[in-house]
Structure formats: C-alpha cells, structure tokens
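Novice: Just so it is clear, I am handing over my_file_20.cif, which has mmCIF, C-alpha atoms.
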```cif
data_protein
#
loop_
_atom_site.label_atom_id
_atom_site.label_comp_id
_atom_site.auth_asym_id
_atom_site.auth_seq_id
_atom_site.Cartn_x
_atom_site.Cartn_y
_atom_site.Cartn_z
CA MET A 296 54.34 61.99 229.60
CA ALA A 297 57.42 63.54 228.00
CA HIS A 298 60.52 63.31 230.18
CA GLN A 299 61.01 67.08 230.05
CA GLU A 300 57.43 67.54 231.28
CA LYS A 301 58.27 65.28 234.22
CA ARG A 302 61.24 67.56 234.93
CA ALA A 303 58.94 70.59 234.99
CA TRP A 304 56.61 68.79 237.42
CA ILE A 305 59.58 67.84 239.62
CA MET A 306 60.76 71.46 239.70
CA LEU A 307 57.24 72.63 240.57
CA VAL A 308 56.67 70.10 243.36
CA VAL A 309 60.15 70.48 244.89
CA THR A 310 59.80 74.26 244.94
CA LEU A 311 56.32 74.01 246.48
CA VAL A 312 57.69 71.78 249.23
CA VAL A 313 61.09 73.33 249.96
CA TYR A 314 60.23 77.05 250.01
CA PRO A 315 57.27 76.80 252.41
CA ALA A 316 59.47 74.60 254.64
CA TYR A 317 62.12 77.35 254.63
CA VAL A 318 59.51 79.99 255.53
CA VAL A 319 58.15 77.85 258.37
CA ILE A 320 61.63 77.28 259.79
CA VAL A 321 62.50 80.99 259.66
CA LEU A 322 59.20 81.98 261.28
CA ARG A 323 59.65 79.34 263.96
CA ASN A 324 63.21 80.53 264.67
CA ALA A 325 61.95 84.08 264.95
CA ALA A 326 59.47 83.03 267.62
CA ASP A 327 58.08 86.35 268.85
CA GLY A 328 61.19 88.35 268.01
CA PRO A 329 61.80 90.49 264.92
CA LEU A 330 62.41 88.60 261.66
CA VAL A 331 65.53 90.59 260.85
CA ASP A 332 67.27 89.08 263.87
CA VAL A 333 66.81 85.52 262.63
CA ALA A 334 69.96 83.70 261.46
CA TYR A 335 68.38 82.88 258.11
CA ALA A 336 71.45 82.52 255.89
CA SER A 337 72.33 78.89 256.60
CA THR A 338 68.65 77.83 256.37
CA LEU A 339 68.33 79.65 253.04
CA LEU A 340 71.49 78.05 251.63
CA TRP A 341 70.45 74.62 252.89
CA SER A 342 67.01 74.96 251.31
CA ILE A 343 68.57 75.89 247.96
CA GLY A 344 71.00 72.97 248.23
CA ILE A 345 68.23 70.53 249.15
CA ALA A 346 66.07 71.77 246.26
CA ILE A 347 68.93 71.28 243.77
CA ALA A 348 69.76 67.82 245.17
CA ALA A 349 66.08 66.77 245.17
CA ASN A 350 65.72 67.89 241.55
CA ILE A 351 68.78 65.86 240.53
CA VAL A 352 67.77 62.72 242.48
CA LEU A 353 64.17 62.79 241.23
CA ASP A 354 65.36 63.44 237.66
CA ILE A 355 67.64 60.40 237.84
CA ALA A 356 64.87 58.30 239.41
CA THR A 357 62.38 59.18 236.66
CA SER A 358 65.04 58.62 233.97
CA MET A 359 65.60 55.03 235.01
CA GLY A 360 64.07 52.63 232.56
CA THR A 361 63.36 55.40 230.06
CA PRO A 362 64.91 54.79 226.62
CA ARG A 363 67.48 57.40 225.60
CA SER A 364 65.34 58.35 222.59
CA GLU A 365 62.57 59.42 224.99
CA TYR A 366 64.92 60.89 227.57
CA LYS A 367 66.77 63.28 225.26
CA ALA A 368 65.20 66.70 224.67
CA ASP A 369 63.99 67.18 221.09
CA ALA A 370 63.05 70.37 219.18
CA ARG A 371 59.64 70.63 220.87
CA ASP A 372 61.14 70.18 224.34
CA LYS A 373 63.73 72.87 223.63
CA GLU A 374 61.13 75.33 222.33
CA ILE A 375 58.85 74.77 225.32
CA ALA A 376 61.84 75.07 227.69
CA ARG A 377 62.91 78.35 226.06
CA VAL A 378 59.43 79.90 226.36
CA GLY A 379 59.00 78.55 229.91
CA ASP A 380 62.35 79.95 231.02
CA LEU A 381 61.63 83.34 229.43
CA THR A 382 58.24 83.45 231.17
CA GLY A 383 59.80 82.56 234.52
CA GLN A 384 62.57 85.11 234.12
CA SER A 385 60.03 87.94 234.19
CA LEU A 386 59.49 87.35 237.92
CA LEU A 387 63.23 87.02 238.49
CA VAL A 388 63.60 90.54 237.09
CA VAL A 389 60.80 91.79 239.35
CA GLY A 390 62.60 90.22 242.35
CA ALA A 391 65.92 91.77 241.33
CA VAL A 392 64.38 95.23 240.91
CA ALA A 393 62.62 94.91 244.27
CA ALA A 394 65.93 93.91 245.91
CA MET A 395 67.68 96.86 244.25
CA VAL A 396 65.06 99.26 245.60
CA LEU A 397 65.35 97.74 249.08
CA ALA A 398 69.13 98.09 248.95
CA MET A 399 68.85 101.76 247.93
CA LEU A 400 66.47 102.29 250.86
CA ASP A 401 69.07 100.77 253.23
CA THR A 402 66.67 98.00 254.19
CA ASN A 403 67.96 95.21 256.40
CA GLN A 404 69.82 92.53 254.38
CA PHE A 405 67.30 89.94 255.61
CA TRP A 406 64.64 91.47 253.39
CA ILE A 407 66.99 91.93 250.43
CA ALA A 408 68.13 88.30 250.55
CA ASN A 409 64.60 87.04 251.02
CA VAL A 410 63.04 89.10 248.26
CA LEU A 411 65.75 87.77 245.92
CA TYR A 412 65.04 84.21 247.07
CA LEU A 413 61.31 84.74 246.60
CA GLY A 414 62.07 86.01 243.08
CA PHE A 415 63.94 82.78 242.31
CA VAL A 416 61.10 80.71 243.76
CA LEU A 417 58.35 82.53 241.85
CA SER A 418 60.44 82.38 238.70
CA ALA A 419 60.81 78.61 239.08
CA LEU A 420 57.08 78.19 239.75
CA LEU A 421 55.94 80.34 236.83
CA GLY A 422 58.51 78.79 234.48
CA SER A 423 57.45 75.27 235.45
CA LEU A 424 53.76 76.10 235.05
CA ALA A 425 54.42 77.66 231.62
CA LYS A 426 56.28 74.52 230.52
CA ILE A 427 53.56 72.21 231.83
CA ALA A 428 50.94 74.32 230.03
CA GLY A 429 53.04 74.04 226.86
CA TYR A 430 52.92 70.25 227.08
CA ARG A 431 49.29 69.98 228.22
CA ASP A 432 47.50 72.68 226.23
CA GLY A 433 49.71 72.60 223.17
CA PHE A 434 52.51 74.72 221.79
CA GLN A 435 52.32 76.31 218.35
CA THR A 436 55.21 77.80 216.45
CA TRP A 437 53.33 78.39 213.19
CA MET B 142 45.16 79.46 226.61
CA VAL B 143 47.12 78.71 223.45
CA LYS B 144 45.47 79.72 220.20
CA PRO B 145 44.66 76.49 218.36
CA THR B 146 46.41 76.01 215.06
CA ARG B 147 44.41 75.89 211.82
CA VAL B 148 46.95 73.47 210.42
CA THR B 149 45.63 69.94 210.23
CA ASN B 150 47.57 66.80 209.37
CA SER B 151 47.10 63.31 207.98
CA ILE B 152 49.96 61.65 209.83
CA ARG B 153 47.78 59.05 211.51
CA THR B 154 46.27 58.01 208.18
CA LEU B 155 49.67 57.98 206.50
CA ARG B 156 51.14 55.83 209.26
CA PHE B 157 48.45 53.21 208.83
CA ALA B 158 48.85 53.33 205.05
CA HIS B 159 52.57 52.62 205.52
CA GLY B 160 52.39 49.23 207.16
CA GLU B 161 50.78 50.48 210.35
CA MET B 162 53.92 52.34 211.28
CA THR B 163 53.96 53.05 215.00
CA GLN B 164 54.40 56.50 216.50
CA ALA B 165 57.64 55.26 218.04
CA ASP B 166 58.95 54.19 214.60
CA LEU B 167 58.10 57.55 213.06
CA ALA B 168 59.60 59.37 216.04
CA GLU B 169 62.85 57.45 215.68
CA ARG B 170 63.06 58.15 211.95
CA ILE B 171 62.61 61.91 212.32
CA GLY B 172 64.67 62.22 215.51
CA VAL B 173 62.02 63.34 217.99
CA THR B 174 60.35 61.69 220.99
CA ARG B 175 57.17 59.63 220.67
CA GLN B 176 55.38 62.27 222.77
CA THR B 177 56.23 64.87 220.15
CA VAL B 178 54.75 62.72 217.36
CA ILE B 179 51.60 62.32 219.48
CA ALA B 180 51.43 66.10 220.02
CA ILE B 181 51.86 66.75 216.27
CA GLU B 182 49.14 64.23 215.37
CA GLN B 183 46.75 65.80 217.88
CA GLY B 184 47.47 69.30 216.56
CA LYS B 185 48.98 70.33 219.88
CA TYR B 186 52.34 71.13 218.37
CA SER B 187 53.29 72.52 215.00
CA PRO B 188 56.72 71.16 214.14
CA SER B 189 59.51 73.13 212.51
CA LEU B 190 59.51 73.24 208.72
CA GLU B 191 62.50 70.89 208.73
CA VAL B 192 60.68 68.26 210.82
CA ALA B 193 57.59 68.71 208.66
CA PHE B 194 59.66 67.92 205.54
CA GLN B 195 61.28 64.96 207.31
CA ILE B 196 57.82 63.52 208.04
CA ALA B 197 56.82 63.99 204.39
CA HIS B 198 60.04 62.27 203.26
CA VAL B 199 59.39 59.28 205.54
CA PHE B 200 56.05 58.74 203.84
CA GLY B 201 57.41 59.67 200.39
CA VAL B 202 54.69 62.26 199.79
CA PRO B 203 54.63 66.05 199.24
CA LEU B 204 54.31 68.29 202.31
CA ASP B 205 50.73 69.17 201.32
CA ASP B 206 49.72 65.55 201.73
CA VAL B 207 50.90 65.59 205.33
CA PHE B 208 49.87 69.07 206.49
CA GLN B 209 46.84 71.00 205.27
CA TYR B 210 45.74 74.58 205.79
CA PRO B 211 42.16 75.78 205.04
CA GLU B 212 41.89 78.14 202.05
CA SER B 213 39.18 80.44 203.43
CA GLU B 214 39.25 82.55 206.62
#
```
Could you render the structure from this file as structure tokens?
Specialist:
Amino acid sequence: MAHQEKRAWIMLVVTLVVYPAYVVIVLRNAADGPLVDVAYASTLLWSIGIAIAANIVLDIATSMGTPRSEYKADARDKEIARVGDLTGQSLLVVGAVAAMVLAMLDTNQFWIANVLYLGFVLSALLGSLAKIAGYRDGFQTW
Amino acid sequence: MVKPTRVTNSIRTLRFAHGEMTQADLAERIGVTRQTVIAIEQGKYSPSLEVAFQIAHVFGVPLDDVFQYPESE
C-alpha cells in the first residue's frame, strides 16, 4: 500500500473515532438539559487537538521502516491528493454556508460552532474516501 | 467508479526483456514509488507525459512501444 494511501486511511479512521467520541461526550454532558447550555468549547478543541496528534503519531509510526523513496509523495500521490482535497472541500463549503445562515438567523453559537465542526469532519471523511478510491479503483489523467 | 483507460502498456514485458528489471528498480529510475509503477502496469494510473517518456527512455524504445492506444472506437 502506498504511504499516502495509509495516510488517507489514518485520517479516515481517526475522524471516525474522534468525532463520534466528541458527540457522545457532549450528549452525556447535556444529560436531560438543552444542548445549547453544554460547555462544548473545550471538548471540541480537545477533540481537534487529539485528532491532529493521532494523525501525526500514526503517520510517524507507519513511516518507520519505510524507505524514503516509498515514503515521499510522487506525481500520482500529489494528483490523487489534489482531487481528494477538492472533493472534500465541497462539504467544507456546505458547512460554511450553513454556519453563515445560522449566524444570520441569530442561532445559538453552539449550533454555529458545531455545524462548522461537522463540515470539517465530513470534508475529512469525503476527502479521505476520494483518495482511497483513487488508489484502489484507479486514477486516470489521460 | 473511474472510467477505465483505453491506454494499454507493455511495461511488464519490457522489464523482463531488460534483465528482469524489478518494479522497484524502474520506480527508482523514473523517480516514482513502486506502488505507482504497479498502478501504471495494471492500467490503474495513466502517468504524466513526462513520466511516460522517462519510462520509454529507461527501456531505450519509442513511446509507442511502451504505451498503446486502440485505433478504432
């Protein structure tokens, strides 16, 4: 498996683990009260920090023992990464527009922050899946 | 689902005709990863024109001997 494909898998798995954990913690903290009263900010920032750290640690772990020639991204890796990132960004835009609408409607900041976070999460998931598909199913530039 | 390419290649045959060159050797000579050479051989990735010419130069053959495209639709 190409090293960059491993990176896409790491991003996918970490996102699938960290975001649901964040949601569970927020729901648990809310108990039976309204969600908007939950002190979500520190949990959200911690989950982002943990996701970034986990990506870095797992990337280093999978890089160990891999020759530099296999580790370094080549033209194919860069093309697949570009298409994957562009695909993922579509959901980031959807999240940003949704947050903008919520802000204009004077919605509680809890929902604005969380719709933005969900946009980042969905963007990461879709981008990772697009990259994995590029490696698995093939990627044609001609 | 990615549309399959109609471009075929003879890289595997050319490698064996050149002293059973390994995919890793070819990858090193054209500056890509071994996984990319595998993907090109399997028709899962169409390389840039520059990489295509580099592959042809490694084997010392014209580009047409490495990559083929069917004449008819």
Novice: Name all residues at most 12 Å from segment 148-156 of chain B (count all atoms listed in the file; drop same-chain ones fewer than 5 positions away) and give them as a PyMOL selection string.
Specialist: (chain A and resi 435-437) or (chain B and resi 161-168+178-188+193+196-212)
Novice: Evaluate the PyMOL selection byres ((chain A) within 12 of (chain B)) and record the selected residues as a VMD selection string, following the chain and residue labels used in the document.
Specialist: chain A and resid 296 to 300 361 to 375 425 428 to 437
Novice: Selected by the PyMOL selection byres ((chain A and resi 405) around 9) in the shown coordinates: which residues, as a VMD selection string?
Specialist: chain A and resid 330 to 336 402 to 404 406 to 410
Novice: Output C-alpha atoms for every residue in the selection just made, as a PDB file, in the coordinates of the input.
Specialist:
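Final output, again.pdb:
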```pdb
ATOM      1  CA  LEU A 330      62.410  88.600 261.660  1.00  0.00           C
ATOM      2  CA  VAL A 331      65.530  90.590 260.850  1.00  0.00           C
ATOM      3  CA  ASP A 332      67.270  89.080 263.870  1.00  0.00           C
ATOM      4  CA  VAL A 333      66.810  85.520 262.630  1.00  0.00           C
ATOM      5  CA  ALA A 334      69.960  83.700 261.460  1.00  0.00           C
ATOM      6  CA  TYR A 335      68.380  82.880 258.110  1.00  0.00           C
ATOM      7  CA  ALA A 336      71.450  82.520 255.890  1.00  0.00           C
ATOM      8  CA  THR A 402      66.670  98.000 254.190  1.00  0.00           C
ATOM      9  CA  ASN A 403      67.960  95.210 256.400  1.00  0.00           C
ATOM     10  CA  GLN A 404      69.820  92.530 254.380  1.00  0.00           C
ATOM     11  CA  TRP A 406      64.640  91.470 253.390  1.00  0.00           C
ATOM     12  CA  ILE A 407      66.990  91.930 250.430  1.00  0.00           C
ATOM     13  CA  ALA A 408      68.130  88.300 250.550  1.00  0.00           C
ATOM     14  CA  ASN A 409      64.600  87.040 251.020  1.00  0.00           C
ATOM     15  CA  VAL A 410      63.040  89.100 248.260  1.00  0.00           C
TER      16      VAL A 410
END
```
Novice: Neighbouring residues of segment 313-328 of chain A were defined as those with any atom within 7 Å, considering only C-alpha atoms; residues of the same chain fewer than 2 positions away were excluded. Please report them as a ChimeraX atom specification.
Specialist: /A:309-311,330,333,335,338-339,342,346
Novice: Env of Leu420 of chain A: 10 Å cut, atoms = all atoms listed in the file, seq-sep filter 6 positions within chain, self excluded. Answer as a ChimeraX atom specification.
Specialist: /A:303-304,306-311,383,386,414,426
Novice: Just the number, please: distance in Å from atom CA of Leu413 of chain A to atom CA of Leu381 of chain A, one decimal.
Specialist: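 Taking atom CA of Leu413 of chain A and atom CA of Leu381 of chain A, their separation equals 17.2 Å.
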Novice: Kindly give the distance, in Å, that separates atom CA of Val352 of chain A and atom CA of Tyr412 of chain A, rounded to a single decimal.
Specialist: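 Calculated distance between atom CA of Val352 of chain A and atom CA of Tyr412 of chain A is 22.1 Å.
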Novice: To one decimal in Å, tell me the separation between atom CA of Phe415 of chain A and atom CA of Met395 of chain A.
Specialist: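 These two atoms are separated by 14.7 Å.
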Novice: Measuring atom to atom with all atoms listed in the file, identify which of A:Leu387, A:Ile305, A:Ala393, A:Ile345 is nearest to Thr357 of chain A.
Specialist: A:Ile305
Novice: What would segment 163-196 of chain B look like with N, CA and C atoms in place, written as a PDB file, in the coordinates of the input?
Specialist:
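Written file, rebuild_8.pdb:
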```pdb
ATOM      1  N   THR B 163      54.294  52.564 213.654  1.00  0.00           N
ATOM      2  CA  THR B 163      53.960  53.050 215.000  1.00  0.00           C
ATOM      3  C   THR B 163      54.483  54.483 215.184  1.00  0.00           C
ATOM      4  N   GLN B 164      53.927  55.139 216.188  1.00  0.00           N
ATOM      5  CA  GLN B 164      54.400  56.500 216.500  1.00  0.00           C
ATOM      6  C   GLN B 164      55.860  56.461 216.914  1.00  0.00           C
ATOM      7  N   ALA B 165      56.244  55.393 217.602  1.00  0.00           N
ATOM      8  CA  ALA B 165      57.640  55.260 218.040  1.00  0.00           C
ATOM      9  C   ALA B 165      58.577  55.125 216.831  1.00  0.00           C
ATOM     10  N   ASP B 166      58.130  54.356 215.816  1.00  0.00           N
ATOM     11  CA  ASP B 166      58.950  54.190 214.600  1.00  0.00           C
ATOM     12  C   ASP B 166      59.136  55.530 213.892  1.00  0.00           C
ATOM     13  N   LEU B 167      58.025  56.248 213.738  1.00  0.00           N
ATOM     14  CA  LEU B 167      58.100  57.550 213.060  1.00  0.00           C
ATOM     15  C   LEU B 167      58.987  58.506 213.858  1.00  0.00           C
ATOM     16  N   ALA B 168      58.803  58.490 215.173  1.00  0.00           N
ATOM     17  CA  ALA B 168      59.600  59.370 216.040  1.00  0.00           C
ATOM     18  C   ALA B 168      61.091  59.106 215.861  1.00  0.00           C
ATOM     19  N   GLU B 169      61.445  57.826 215.823  1.00  0.00           N
ATOM     20  CA  GLU B 169      62.850  57.450 215.680  1.00  0.00           C
ATOM     21  C   GLU B 169      63.404  57.918 214.341  1.00  0.00           C
ATOM     22  N   ARG B 170      62.574  57.800 213.290  1.00  0.00           N
ATOM     23  CA  ARG B 170      63.060  58.150 211.950  1.00  0.00           C
ATOM     24  C   ARG B 170      63.228  59.649 211.750  1.00  0.00           C
ATOM     25  N   ILE B 171      62.469  60.452 212.485  1.00  0.00           N
ATOM     26  CA  ILE B 171      62.610  61.910 212.320  1.00  0.00           C
ATOM     27  C   ILE B 171      63.362  62.550 213.491  1.00  0.00           C
ATOM     28  N   GLY B 172      63.815  61.718 214.432  1.00  0.00           N
ATOM     29  CA  GLY B 172      64.670  62.220 215.510  1.00  0.00           C
ATOM     30  C   GLY B 172      63.967  63.050 216.563  1.00  0.00           C
ATOM     31  N   VAL B 173      62.728  62.668 216.883  1.00  0.00           N
ATOM     32  CA  VAL B 173      62.020  63.340 217.990  1.00  0.00           C
ATOM     33  C   VAL B 173      61.497  62.259 218.936  1.00  0.00           C
ATOM     34  N   THR B 174      60.909  62.672 220.054  1.00  0.00           N
ATOM     35  CA  THR B 174      60.350  61.690 220.990  1.00  0.00           C
ATOM     36  C   THR B 174      58.956  61.268 220.517  1.00  0.00           C
ATOM     37  N   ARG B 175      58.501  60.127 221.030  1.00  0.00           N
ATOM     38  CA  ARG B 175      57.170  59.630 220.670  1.00  0.00           C
ATOM     39  C   ARG B 175      56.092  60.632 221.129  1.00  0.00           C
ATOM     40  N   GLN B 176      56.345  61.291 222.260  1.00  0.00           N
ATOM     41  CA  GLN B 176      55.380  62.270 222.770  1.00  0.00           C
ATOM     42  C   GLN B 176      55.222  63.435 221.799  1.00  0.00           C
ATOM     43  N   THR B 177      56.305  63.776 221.111  1.00  0.00           N
ATOM     44  CA  THR B 177      56.230  64.870 220.150  1.00  0.00           C
ATOM     45  C   THR B 177      55.401  64.458 218.927  1.00  0.00           C
ATOM     46  N   VAL B 178      55.566  63.213 218.480  1.00  0.00           N
ATOM     47  CA  VAL B 178      54.750  62.720 217.360  1.00  0.00           C
ATOM     48  C   VAL B 178      53.265  62.732 217.762  1.00  0.00           C
ATOM     49  N   ILE B 179      52.987  62.307 218.985  1.00  0.00           N
ATOM     50  CA  ILE B 179      51.600  62.320 219.480  1.00  0.00           C
ATOM     51  C   ILE B 179      51.052  63.752 219.471  1.00  0.00           C
ATOM     52  N   ALA B 180      51.864  64.691 219.963  1.00  0.00           N
ATOM     53  CA  ALA B 180      51.430  66.100 220.020  1.00  0.00           C
ATOM     54  C   ALA B 180      51.181  66.654 218.620  1.00  0.00           C
ATOM     55  N   ILE B 181      52.045  66.276 217.659  1.00  0.00           N
ATOM     56  CA  ILE B 181      51.860  66.750 216.270  1.00  0.00           C
ATOM     57  C   ILE B 181      50.563  66.172 215.713  1.00  0.00           C
ATOM     58  N   GLU B 182      50.356  64.885 215.892  1.00  0.00           N
ATOM     59  CA  GLU B 182      49.140  64.230 215.370  1.00  0.00           C
ATOM     60  C   GLU B 182      47.880  64.866 215.944  1.00  0.00           C
ATOM     61  N   GLN B 183      47.927  65.223 217.222  1.00  0.00           N
ATOM     62  CA  GLN B 183      46.750  65.800 217.880  1.00  0.00           C
ATOM     63  C   GLN B 183      46.610  67.298 217.628  1.00  0.00           C
ATOM     64  N   GLY B 184      47.532  67.874 216.860  1.00  0.00           N
ATOM     65  CA  GLY B 184      47.470  69.300 216.560  1.00  0.00           C
ATOM     66  C   GLY B 184      47.863  70.164 217.748  1.00  0.00           C
ATOM     67  N   LYS B 185      48.561  69.571 218.704  1.00  0.00           N
ATOM     68  CA  LYS B 185      48.980  70.330 219.880  1.00  0.00           C
ATOM     69  C   LYS B 185      50.362  70.946 219.704  1.00  0.00           C
ATOM     70  N   TYR B 186      51.008  70.564 218.648  1.00  0.00           N
ATOM     71  CA  TYR B 186      52.340  71.130 218.370  1.00  0.00           C
ATOM     72  C   TYR B 186      52.555  71.196 216.874  1.00  0.00           C
ATOM     73  N   SER B 187      52.949  72.370 216.417  1.00  0.00           N
ATOM     74  CA  SER B 187      53.290  72.520 215.000  1.00  0.00           C
ATOM     75  C   SER B 187      54.797  72.389 214.879  1.00  0.00           C
ATOM     76  N   PRO B 188      55.269  71.375 214.190  1.00  0.00           N
ATOM     77  CA  PRO B 188      56.720  71.160 214.140  1.00  0.00           C
ATOM     78  C   PRO B 188      57.420  72.200 213.280  1.00  0.00           C
ATOM     79  N   SER B 189      58.739  72.231 213.368  1.00  0.00           N
ATOM     80  CA  SER B 189      59.510  73.130 212.510  1.00  0.00           C
ATOM     81  C   SER B 189      59.335  72.672 211.067  1.00  0.00           C
ATOM     82  N   LEU B 190      59.646  73.572 210.143  1.00  0.00           N
ATOM     83  CA  LEU B 190      59.510  73.240 208.720  1.00  0.00           C
ATOM     84  C   LEU B 190      60.399  72.037 208.373  1.00  0.00           C
ATOM     85  N   GLU B 191      61.576  71.988 209.001  1.00  0.00           N
ATOM     86  CA  GLU B 191      62.500  70.890 208.730  1.00  0.00           C
ATOM     87  C   GLU B 191      61.896  69.546 209.152  1.00  0.00           C
ATOM     88  N   VAL B 192      61.313  69.510 210.353  1.00  0.00           N
ATOM     89  CA  VAL B 192      60.680  68.260 210.820  1.00  0.00           C
ATOM     90  C   VAL B 192      59.486  67.917 209.938  1.00  0.00           C
ATOM     91  N   ALA B 193      58.746  68.945 209.531  1.00  0.00           N
ATOM     92  CA  ALA B 193      57.590  68.710 208.660  1.00  0.00           C
ATOM     93  C   ALA B 193      58.041  68.034 207.351  1.00  0.00           C
ATOM     94  N   PHE B 194      59.135  68.525 206.777  1.00  0.00           N
ATOM     95  CA  PHE B 194      59.660  67.920 205.540  1.00  0.00           C
ATOM     96  C   PHE B 194      60.169  66.500 205.802  1.00  0.00           C
ATOM     97  N   GLN B 195      60.784  66.310 206.970  1.00  0.00           N
ATOM     98  CA  GLN B 195      61.280  64.960 207.310  1.00  0.00           C
ATOM     99  C   GLN B 195      60.115  63.970 207.381  1.00  0.00           C
ATOM    100  N   ILE B 196      58.996  64.405 207.954  1.00  0.00           N
ATOM    101  CA  ILE B 196      57.820  63.520 208.040  1.00  0.00           C
ATOM    102  C   ILE B 196      57.335  63.191 206.633  1.00  0.00           C
TER     103      ILE B 196
END
```
